file run-v7.txt (compact mmCIF, C-alpha atoms)
# COMPACT_ATOMS: atom_id res chain seq x y z
CA SER A 722 15.16 16.64 2.03
CA ALA A 723 18.30 16.94 -0.07
CA ARG A 724 19.61 19.67 2.23
CA ARG A 725 20.30 17.01 4.86
CA TYR A 726 23.04 15.66 2.62
CA SER A 727 24.95 18.91 2.14
CA GLN A 728 28.15 17.30 0.91
CA THR A 729 26.34 15.39 -1.81
CA GLU A 730 24.15 18.34 -2.74
CA ASN A 731 27.10 20.71 -3.02
CA LYS A 732 28.86 18.30 -5.38
CA ARG A 733 25.69 17.92 -7.43
CA LEU A 734 25.24 21.67 -7.74
CA ALA A 735 28.89 22.12 -8.65
CA ILE A 736 28.52 19.56 -11.44
CA MET A 737 25.36 21.28 -12.66
CA ARG A 738 27.02 24.70 -12.71
CA ALA A 739 30.05 23.37 -14.58
CA ALA A 740 27.83 21.56 -17.07
CA THR A 741 25.80 24.73 -17.68
CA ILE A 742 28.97 26.75 -18.33
CA ILE A 743 30.26 24.10 -20.74
CA ARG A 744 26.95 23.94 -22.58
CA LYS A 745 26.78 27.71 -22.99
CA SER A 746 30.39 27.93 -24.17
CA LEU A 747 29.77 25.51 -27.02
CA SER A 748 27.89 26.36 -30.18
CA PHE A 749 25.11 23.81 -29.95
CA PRO A 750 22.17 24.40 -32.26
CA LYS A 751 19.16 25.46 -30.22
CA ARG A 752 17.30 22.24 -30.98
CA LEU A 753 20.07 20.24 -29.28
CA HIS A 754 20.05 22.20 -26.04
CA HIS A 755 17.22 20.09 -24.61
CA ARG A 756 19.01 16.82 -25.40
CA VAL A 757 22.26 18.06 -23.87
CA SER A 758 20.49 19.35 -20.77
CA LYS A 759 18.66 16.05 -20.36
CA GLY A 760 21.91 14.11 -20.66
CA ILE A 761 23.59 16.34 -18.10
CA ARG A 762 20.67 15.89 -15.69
CA ASN A 763 20.77 12.12 -16.02
CA GLN A 764 24.53 11.91 -15.53
CA THR A 765 24.38 14.33 -12.60
CA ARG A 766 21.70 12.17 -11.03
CA ARG A 767 23.90 9.07 -11.27
CA LEU A 768 26.92 10.90 -9.85
CA ALA A 769 24.89 12.26 -6.98
CA THR A 770 23.51 8.79 -6.32
CA SER A 771 26.92 7.16 -6.16
CA THR A 772 28.23 9.94 -3.92
CA ALA A 773 25.28 9.51 -1.57
CA ILE A 774 25.97 5.80 -1.30
CA GLU A 775 29.61 6.41 -0.48
CA THR A 776 29.38 9.32 1.95
CA THR A 777 25.98 9.50 3.65
CA ILE A 778 24.50 6.01 4.02
CA PRO A 779 25.83 4.01 6.99
CA GLU A 780 26.70 0.34 6.80
CA SER A 781 24.33 -0.43 9.69
CA MET A 782 21.08 1.12 10.84
CA ARG A 783 18.48 1.06 13.57
CA ALA A 784 15.52 -1.24 13.07
CA VAL A 785 12.77 -2.87 15.09
CA VAL A 786 13.41 -6.62 15.29
CA VAL A 787 11.51 -9.54 16.80
CA THR A 788 13.24 -11.42 19.61
CA PRO A 789 11.54 -14.84 19.98
CA PRO A 790 10.65 -15.70 23.59
CA GLU A 791 12.02 -18.77 25.28
CA GLY A 792 9.99 -21.69 26.59
CA VAL A 793 6.64 -23.17 25.62
CA ASP A 794 2.98 -22.39 26.31
CA GLU A 795 0.51 -24.47 28.34
CA LYS A 796 0.03 -26.82 25.37
CA GLY A 797 3.73 -27.44 24.97
CA ARG A 798 4.04 -25.33 21.84
CA PRO A 799 6.78 -22.69 21.32
CA ARG A 800 5.57 -19.39 22.76
CA ARG A 801 4.52 -16.85 20.18
CA PRO A 802 6.23 -13.45 20.38
CA SER A 803 4.12 -10.79 22.10
CA PRO A 804 4.46 -7.04 21.44
CA ASP A 805 7.15 -7.05 24.15
CA ALA A 806 9.29 -9.12 21.79
CA LEU A 807 9.79 -6.06 19.58
CA THR A 808 13.15 -4.48 20.35
CA LEU A 809 15.27 -1.76 18.77
CA SER A 810 18.56 -2.89 17.29
CA SER A 811 21.25 -0.51 16.08
CA THR A 812 23.35 -3.10 14.27
CA VAL A 813 21.05 -4.17 11.43
CA PRO A 814 22.82 -4.06 8.03
CA THR A 815 21.55 -1.24 5.84
CA PRO A 816 19.90 -2.69 2.71
CA LYS A 817 21.74 -2.29 -0.58
CA VAL A 818 19.72 -0.60 -3.28
CA GLY A 819 19.02 -2.92 -6.21
CA PRO A 820 19.23 -1.91 -9.87
CA GLU A 821 15.48 -1.16 -10.07
CA GLU A 822 15.05 0.07 -6.50
CA VAL A 823 15.30 3.28 -4.56
CA LEU A 824 16.59 3.53 -1.02
CA ILE A 825 14.32 5.53 1.26
CA LYS A 826 15.36 7.14 4.53
CA VAL A 827 12.24 6.33 6.52
CA GLU A 828 10.45 9.03 8.49
CA ALA A 829 7.17 7.17 9.07
CA ALA A 830 6.01 3.57 8.73
CA GLY A 831 2.46 2.27 8.83
CA ILE A 832 1.37 -0.49 11.22
CA ASN A 833 -0.91 -3.14 9.72
CA ARG A 834 -2.40 -6.44 10.80
CA PRO A 835 0.03 -8.44 8.60
CA ASP A 836 2.82 -6.99 10.75
CA VAL A 837 1.14 -8.39 13.87
CA LEU A 838 0.68 -11.80 12.25
CA GLN A 839 4.30 -11.85 11.11
CA ARG A 840 5.51 -10.91 14.58
CA MET A 841 3.54 -13.87 15.94
CA GLY A 842 5.10 -16.21 13.38
CA LEU A 843 1.82 -16.73 11.50
CA TYR A 844 2.60 -14.80 8.31
CA PRO A 845 6.20 -15.29 7.18
CA PRO A 846 7.57 -12.97 4.48
CA PRO A 847 7.68 -14.33 0.92
CA PRO A 848 11.08 -15.58 -0.33
CA GLY A 849 13.43 -12.72 -1.10
CA HIS A 850 11.54 -10.18 1.01
CA SER A 851 12.93 -8.52 4.12
CA ASP A 852 12.17 -10.28 7.41
CA ILE A 853 11.90 -6.88 9.13
CA LEU A 854 8.29 -5.83 9.77
CA GLY A 855 6.65 -2.97 7.89
CA LEU A 856 4.83 -2.92 4.54
CA GLU A 857 4.46 0.82 3.95
CA VAL A 858 6.72 3.80 4.51
CA ALA A 859 7.14 7.48 3.82
CA GLY A 860 10.43 9.29 3.61
CA THR A 861 13.14 10.76 1.43
CA ILE A 862 15.04 9.02 -1.38
CA VAL A 863 18.78 8.85 -0.66
CA ALA A 864 19.92 6.48 -3.42
CA VAL A 865 18.65 5.37 -6.83
CA GLY A 866 19.41 2.10 -8.63
CA ASP A 867 21.26 2.09 -11.95
CA LYS A 868 18.26 0.81 -13.92
CA VAL A 869 15.64 3.19 -12.52
CA PRO A 870 14.59 5.14 -15.62
CA PRO A 871 14.32 8.93 -15.50
CA GLY A 872 10.69 10.01 -15.54
CA SER A 873 9.62 7.08 -13.33
CA ILE A 874 7.88 9.35 -10.88
CA GLN A 875 7.18 13.00 -10.35
CA SER A 876 8.75 13.96 -7.06
CA SER A 877 7.20 17.43 -7.19
CA PRO A 878 5.30 19.61 -9.67
CA SER A 879 8.60 21.15 -10.80
CA SER A 880 10.51 17.87 -11.22
CA SER A 881 9.93 15.20 -13.83
CA TYR A 882 12.26 12.43 -12.71
CA LEU A 883 12.94 10.24 -9.69
CA GLU A 884 15.78 11.83 -7.78
CA ILE A 885 17.63 11.97 -4.51
CA GLY A 886 15.75 14.24 -2.14
CA ALA A 887 12.29 13.32 -3.45
CA ARG A 888 9.58 12.86 -0.81
CA VAL A 889 7.78 9.58 -1.49
CA LEU A 890 5.38 7.11 0.05
CA ALA A 891 5.85 3.47 -0.85
CA LEU A 892 4.40 -0.01 -0.66
CA ALA A 893 7.37 -1.94 0.70
CA ASN A 894 8.25 -5.62 0.45
CA GLY A 895 8.90 -5.61 4.18
CA GLY A 896 11.59 -3.69 6.01
CA GLY A 897 9.53 -0.64 6.90
CA TYR A 898 10.32 -0.62 10.63
CA SER A 899 13.83 0.66 10.00
CA GLU A 900 15.86 3.75 9.19
CA TYR A 901 16.36 2.76 5.56
CA CYS A 902 14.13 0.72 3.28
CA ALA A 903 14.84 -0.47 -0.28
CA VAL A 904 11.72 -0.43 -2.48
CA PRO A 905 11.11 -1.19 -6.19
CA TYR A 906 10.78 2.21 -7.83
CA GLY A 907 7.39 1.42 -9.33
CA GLN A 908 5.91 0.97 -5.85
CA CYS A 909 6.59 4.60 -4.94
CA LEU A 910 4.31 7.61 -5.23
CA PRO A 911 5.11 11.30 -4.72
CA ILE A 912 3.78 12.78 -1.50
CA PRO A 913 1.36 15.67 -2.11
CA GLU A 914 2.63 18.99 -0.82
CA ASN A 915 -0.27 19.27 1.65
CA MET A 916 0.39 15.84 3.22
CA ASN A 917 2.77 15.28 6.12
CA MET A 918 5.04 12.25 6.46
CA ILE A 919 3.01 10.55 9.20
CA THR A 920 -0.15 10.64 7.09
CA ALA A 921 1.76 9.52 4.01
CA GLY A 922 3.21 6.60 5.95
CA CYS A 923 -0.21 4.95 6.31
CA VAL A 924 -1.55 5.35 2.76
CA ALA A 925 -0.07 2.66 0.51
CA GLU A 926 -1.11 -0.64 2.11
CA THR A 927 -4.78 0.18 2.63
CA TYR A 928 -5.39 2.23 -0.50
CA PHE A 929 -3.64 -0.22 -2.83
CA THR A 930 -5.54 -3.13 -1.26
CA VAL A 931 -8.91 -1.40 -1.50
CA TRP A 932 -8.37 -0.21 -5.06
CA HIS A 933 -7.44 -3.72 -6.19
CA ASN A 934 -10.43 -5.40 -4.57
CA LEU A 935 -13.05 -2.78 -5.39
CA PHE A 936 -12.13 -1.64 -8.86
CA GLN A 937 -9.52 -3.87 -10.49
CA GLN A 938 -11.09 -7.24 -9.78
CA SER A 939 -14.30 -8.27 -11.53
CA ASN A 940 -16.88 -11.01 -11.32
CA ILE A 941 -16.60 -14.12 -13.50
CA PHE A 942 -18.29 -12.25 -16.35
CA GLY A 943 -15.71 -9.47 -16.39
CA GLU A 944 -18.07 -6.93 -14.86
CA HIS A 945 -16.44 -4.36 -12.58
CA LEU A 946 -17.93 -2.26 -9.80
CA GLN A 947 -19.26 0.95 -11.34
CA ARG A 948 -21.17 4.11 -10.55
CA GLY A 949 -24.65 3.39 -9.27
CA ASP A 950 -23.73 -0.03 -7.85
CA SER A 951 -23.86 -0.88 -4.15
CA ILE A 952 -21.43 -2.41 -1.67
CA LEU A 953 -21.46 -3.82 1.87
CA ILE A 954 -18.22 -3.18 3.75
CA HIS A 955 -17.61 -5.13 6.95
CA GLY A 956 -15.42 -3.58 9.64
CA GLY A 957 -16.30 -0.09 8.50
CA THR A 958 -14.06 1.68 11.01
CA SER A 959 -10.96 -0.44 10.35
CA GLY A 960 -8.18 0.93 8.18
CA ILE A 961 -9.41 -1.03 5.16
CA GLY A 962 -13.06 -0.33 5.97
CA SER A 963 -12.76 3.43 6.39
CA THR A 964 -10.66 3.65 3.23
CA ALA A 965 -13.11 1.55 1.24
CA ILE A 966 -16.07 3.66 2.34
CA GLN A 967 -14.40 6.87 1.21
CA MET A 968 -13.15 5.48 -2.11
CA ALA A 969 -16.49 3.88 -2.99
CA LYS A 970 -18.33 7.07 -2.08
CA ALA A 971 -15.99 9.07 -4.33
CA PHE A 972 -17.09 6.88 -7.25
CA ASP A 973 -20.82 7.36 -6.56
CA ILE A 974 -21.33 3.86 -5.23
CA THR A 975 -24.00 3.32 -2.56
CA VAL A 976 -22.17 2.23 0.57
CA TYR A 977 -23.49 0.13 3.44
CA ALA A 978 -21.16 -0.68 6.32
CA SER A 979 -21.18 -2.87 9.40
CA ALA A 980 -19.57 -2.11 12.75
CA GLY A 981 -19.77 -3.28 16.37
CA SER A 982 -21.15 -0.23 18.22
CA GLN A 983 -23.34 2.82 17.71
CA GLU A 984 -20.27 5.03 18.01
CA LYS A 985 -18.54 3.12 15.23
CA CYS A 986 -21.69 3.17 13.12
CA LYS A 987 -21.76 6.94 13.41
CA ALA A 988 -18.14 7.05 12.29
CA CYS A 989 -19.06 4.98 9.22
CA LEU A 990 -21.73 7.53 8.35
CA ASP A 991 -19.21 10.33 8.78
CA PHE A 992 -16.87 8.53 6.37
CA GLY A 993 -19.64 8.52 3.76
CA ALA A 994 -21.70 5.36 4.25
CA GLU A 995 -25.37 5.59 3.28
CA LYS A 996 -26.37 3.34 6.18
CA ALA A 997 -24.42 1.65 8.98
CA ILE A 998 -25.47 -1.62 10.60
CA ASN A 999 -24.60 -2.56 14.18
CA TYR A 1000 -23.97 -6.29 13.76
CA LYS A 1001 -24.30 -6.82 17.53
CA THR A 1002 -27.91 -5.64 17.61
CA GLU A 1003 -29.07 -6.18 14.01
CA ASP A 1004 -28.98 -9.01 11.48
CA PHE A 1005 -27.06 -7.55 8.55
CA VAL A 1006 -28.71 -9.98 6.10
CA GLU A 1007 -32.19 -8.79 7.00
CA ARG A 1008 -31.08 -5.16 7.07
CA ILE A 1009 -29.42 -5.26 3.63
CA ASN A 1010 -32.42 -6.99 2.09
CA GLU A 1011 -34.61 -4.30 3.60
CA LEU A 1012 -32.39 -1.43 2.42
CA THR A 1013 -32.08 -2.79 -1.13
CA GLY A 1014 -35.67 -3.95 -1.53
CA GLY A 1015 -34.51 -7.56 -1.71
CA LYS A 1016 -32.16 -6.89 -4.62
CA GLY A 1017 -28.92 -7.24 -2.64
CA VAL A 1018 -25.57 -5.54 -3.18
CA ASN A 1019 -23.13 -5.90 -6.06
CA LEU A 1020 -20.10 -6.43 -3.85
CA VAL A 1021 -19.30 -7.47 -0.29
CA LEU A 1022 -15.83 -6.61 1.06
CA ASP A 1023 -15.16 -9.00 3.92
CA MET A 1024 -12.27 -9.53 6.32
CA VAL A 1025 -14.22 -11.80 8.72
CA SER A 1026 -14.92 -14.95 6.67
CA GLY A 1027 -15.82 -18.05 8.75
CA PRO A 1028 -19.48 -17.78 9.80
CA TYR A 1029 -19.95 -14.67 7.65
CA LEU A 1030 -19.44 -16.56 4.38
CA PRO A 1031 -22.99 -17.97 3.89
CA LYS A 1032 -24.52 -14.71 5.13
CA ASN A 1033 -22.44 -12.68 2.70
CA LEU A 1034 -23.69 -14.80 -0.18
CA GLU A 1035 -27.28 -14.18 0.91
CA VAL A 1036 -26.92 -10.40 0.56
CA LEU A 1037 -25.33 -10.46 -2.90
CA ALA A 1038 -27.35 -9.47 -5.95
CA VAL A 1039 -27.51 -11.75 -8.99
CA GLY A 1040 -24.02 -11.72 -10.53
CA GLY A 1041 -22.59 -10.22 -7.35
CA ARG A 1042 -19.05 -10.66 -6.05
CA LEU A 1043 -17.67 -11.49 -2.61
CA ALA A 1044 -14.12 -10.22 -2.02
CA ILE A 1045 -12.46 -11.92 0.95
CA ILE A 1046 -9.35 -10.21 2.30
CA GLY A 1047 -9.16 -11.65 5.83
CA SER A 1048 -10.28 -14.48 8.08
CA LEU A 1049 -10.77 -12.91 11.52
CA GLY A 1050 -13.79 -15.13 12.13
CA GLY A 1051 -12.17 -18.40 11.06
CA VAL A 1052 -11.00 -20.23 7.97
CA ARG A 1053 -13.80 -22.79 7.59
CA SER A 1054 -17.46 -22.48 6.69
CA GLU A 1055 -20.29 -24.28 4.86
CA ILE A 1056 -22.22 -22.84 1.93
CA ASN A 1057 -25.03 -23.87 -0.42
CA MET A 1058 -23.35 -24.25 -3.81
CA ARG A 1059 -26.69 -24.36 -5.62
CA ASN A 1060 -27.28 -20.81 -4.42
CA VAL A 1061 -23.91 -19.80 -5.86
CA MET A 1062 -24.69 -21.39 -9.23
CA ARG A 1063 -28.28 -20.24 -9.48
CA ARG A 1064 -27.42 -16.60 -8.81
CA ARG A 1065 -24.11 -16.67 -10.72
CA LEU A 1066 -22.07 -15.45 -7.74
CA THR A 1067 -18.32 -14.92 -7.65
CA ILE A 1068 -16.25 -15.70 -4.55
CA ALA A 1069 -12.75 -14.26 -4.71
CA GLY A 1070 -9.89 -13.99 -2.24
CA SER A 1071 -6.68 -12.01 -2.45
CA THR A 1072 -3.60 -10.91 -0.59
CA LEU A 1073 -1.29 -8.21 -1.92
CA ARG A 1074 1.91 -9.06 -0.09
CA ALA A 1075 2.82 -12.23 -1.98
CA ARG A 1076 2.11 -10.74 -5.41
CA ASN A 1077 5.02 -9.81 -7.64
CA SER A 1078 6.17 -6.26 -8.17
CA ALA A 1079 4.38 -5.94 -11.53
CA VAL A 1080 0.99 -6.46 -9.84
CA LYS A 1081 1.85 -3.99 -7.08
CA VAL A 1082 2.98 -1.43 -9.64
CA SER A 1083 -0.40 -1.77 -11.37
CA GLN A 1084 -2.05 -0.51 -8.17
CA ASP A 1085 0.36 2.44 -8.15
CA ASP A 1086 -0.28 3.32 -11.81
CA SER A 1087 -4.03 3.27 -11.23
call {"tool": "encode", "arguments": {"input": "run-v7.txt", "output": "structure tokens"}}
result
Amino acid sequence: SARRYSQTENKRLAIMRAATIIRKSLSFPKRLHHRVSKGIRNQTRRLATSTAIETTIPESMRAVVVTPPEGVDEKGRPRRPSPDALTLSSTVPTPKVGPEEVLIKVEAAGINRPDVLQRMGLYPPPPGHSDILGLEVAGTIVAVGDKVPPGSIQSSPSSSYLEIGARVLALANGGGYSEYCAVPYGQCLPIPENMNMITAGCVAETYFTVWHNLFQQSNIFGEHLQRGDSILIHGGTSGIGSTAIQMAKAFDITVYASAGSQEKCKACLDFGAEKAINYKTEDFVERINELTGGKGVNLVLDMVSGPYLPKNLEVLAVGGRLAIIGSLGGVRSEINMRNVMRRRLTIAGSTLRARNSAVKVSQDDS
């Protein structure tokens, strides 16, 4: 919170008190008081920001970095970094806040599969993004860029502008595994008062991804998922799966989920799934056809791909959509295109990381 930066906060309060005295000593018409107060707030915010940059933010910080291993594997290829390759460095340069960014002092960072793939060298960051792992964070704003407009975010019920000291969660462009992380202001959300930092640190990546694939995307006819529709969610107990079940349930969508054990199937039911299918003991195609009376589901959310692709198409209803967000089962498959055409199916794939900030902000605004 702002109290951690007592020197900055004392200066900010002193400026506010002086400004209040000046305002009261002048004979402003009552209708101008709001404008004057707003101008004072904005200027105070900028002064506090510049002071924070000068006096409280170190030039270097601690961050988790990947140290590539030496040597080659049994096939003569460079060895891929294992989890042991993650080390803590205390000499990483602190990021500079850009004009439309905020600098967050990180208290919690989420761990996601893209982080694992990046550590292994299989998912490099897009150009211009931090090469430090971590796509979601929660923490406290310690600096605000010059072009971040007031009113960008509500840091608390009593505050109407983005400010130093605000508690936020954010979808980061990398750099989350560090003490400080610079994030475009539109990719931040205020943390609810009843949510702790650790919980907030694992919200953005999964919820933004699920919202985009379930509700923002449509089939080729522009039809979106809506109340009364049905969905099959693979990997129901994964981060994406458990989030998707709960969000779909909240919108009165009938949810079916697949998982690899009876224990996981029970967890899917606890999350809100109507039925859970153990893919190790049941054929999910037969089970979905049975549960839907042969109609099929309106949407399949899939992170397996590979051999699942033709099966996923079999369980879709006419005009249904397949949303592919991962390829755990492989990147190649064979499908019957006549089936796709005859039943007017939509096959869509997406990743959020490589999208520009405007797209990511649209998830936030939703």
call {"tool": "residues_around", "arguments": {"input": "run-v7.txt", "residues": "A:Asn1033", "least_positions_apart": "5", "cutoff": "8 Å", "atoms": "all atoms listed in the file", "output": "VMD selection string"}}
result
chain A and resid 1006 1021 1043
call {"tool": "write_last_selection", "arguments": {"input": "run-v7.txt", "atoms": "C-alpha atoms", "output": "mmCIF file, in the frame of the given file"}}
result
data_model
loop_
_atom_site.group_PDB
_atom_site.id
_atom_site.type_symbol
_atom_site.label_atom_id
_atom_site.label_comp_id
_atom_site.auth_asym_id
_atom_site.auth_seq_id
_atom_site.Cartn_x
_atom_site.Cartn_y
_atom_site.Cartn_z
ATOM 1 C CA VAL A 1006 -28.710 -9.980 6.100
ATOM 2 C CA VAL A 1021 -19.300 -7.470 -0.290
ATOM 3 C CA LEU A 1043 -17.670 -11.490 -2.610
#
call {"tool": "closest_residue", "arguments": {"input": "run-v7.txt", "among": "A:Pro1031, A:Gly797, A:Gly1070, A:Gly1040", "to": "A:Ser1054", "atoms": "only C-alpha atoms"}}
result
A:Pro1031
call {"tool": "atom_distance", "arguments": {"input": "run-v7.txt", "atom1": "atom CA of A:Gln937", "atom2": "atom CA of A:Tyr977"}}
result
20.1 Å
call {"tool": "residues_around", "arguments": {"input": "run-v7.txt", "residues": "A:Gly981", "least_positions_apart": "4", "cutoff": "10 Å", "atoms": "all atoms listed in the file", "output": "list of chain:residue names"}}
result
A:His955, A:Gly956, A:Gly957, A:Thr958, A:Lys985, A:Cys986, A:Ile998, A:Asn999, A:Tyr1000, A:Lys1001, A:Thr1002
call {"tool": "atom_distance", "arguments": {"input": "run-v7.txt", "atom1": "atom CA of A:Ile853", "atom2": "atom CA of A:Gly896"}}
result
4.5 Å
call {"tool": "atom_distance", "arguments": {"input": "run-v7.txt", "atom1": "atom CA of A:Pro905", "atom2": "atom CA of A:Ala830"}}
result
16.5 Å
call {"tool": "closest_residue", "arguments": {"input": "run-v7.txt", "among": "A:Ala969, A:Leu883, A:Leu824, A:Met1024", "to": "A:Val904", "atoms": "all atoms listed in the file"}}
result
A:Leu824
call {"tool": "residues_around", "arguments": {"input": "run-v7.txt", "residues": "A:Arg840", "least_positions_apart": "5", "cutoff": "12 Å", "atoms": "only C-alpha atoms", "output": "CSV table (one decimal) with C-alpha atoms, keeping the file's coordinate frame"}}
result
chain,number,residue,atom,x,y,z
A,785,VAL,CA,12.8,-2.9,15.1
A,786,VAL,CA,13.4,-6.6,15.3
A,787,VAL,CA,11.5,-9.5,16.8
A,788,THR,CA,13.2,-11.4,19.6
A,789,PRO,CA,11.5,-14.8,20.0
A,790,PRO,CA,10.6,-15.7,23.6
A,800,ARG,CA,5.6,-19.4,22.8
A,801,ARG,CA,4.5,-16.8,20.2
A,802,PRO,CA,6.2,-13.4,20.4
A,803,SER,CA,4.1,-10.8,22.1
A,804,PRO,CA,4.5,-7.0,21.4
A,805,ASP,CA,7.2,-7.0,24.2
A,806,ALA,CA,9.3,-9.1,21.8
A,807,LEU,CA,9.8,-6.1,19.6
A,808,THR,CA,13.2,-4.5,20.4
A,832,ILE,CA,1.4,-0.5,11.2
A,833,ASN,CA,-0.9,-3.1,9.7
A,834,ARG,CA,-2.4,-6.4,10.8
A,835,PRO,CA,0.0,-8.4,8.6
A,845,PRO,CA,6.2,-15.3,7.2
A,846,PRO,CA,7.6,-13.0,4.5
A,852,ASP,CA,12.2,-10.3,7.4
A,853,ILE,CA,11.9,-6.9,9.1
A,854,LEU,CA,8.3,-5.8,9.8
A,855,GLY,CA,6.6,-3.0,7.9
call {"tool": "closest_residue", "arguments": {"input": "run-v7.txt", "among": "A:Ala864, A:Met918, A:Leu910, A:Leu1049", "to": "A:Val1025", "atoms": "only C-alpha atoms"}}
result
A:Leu1049
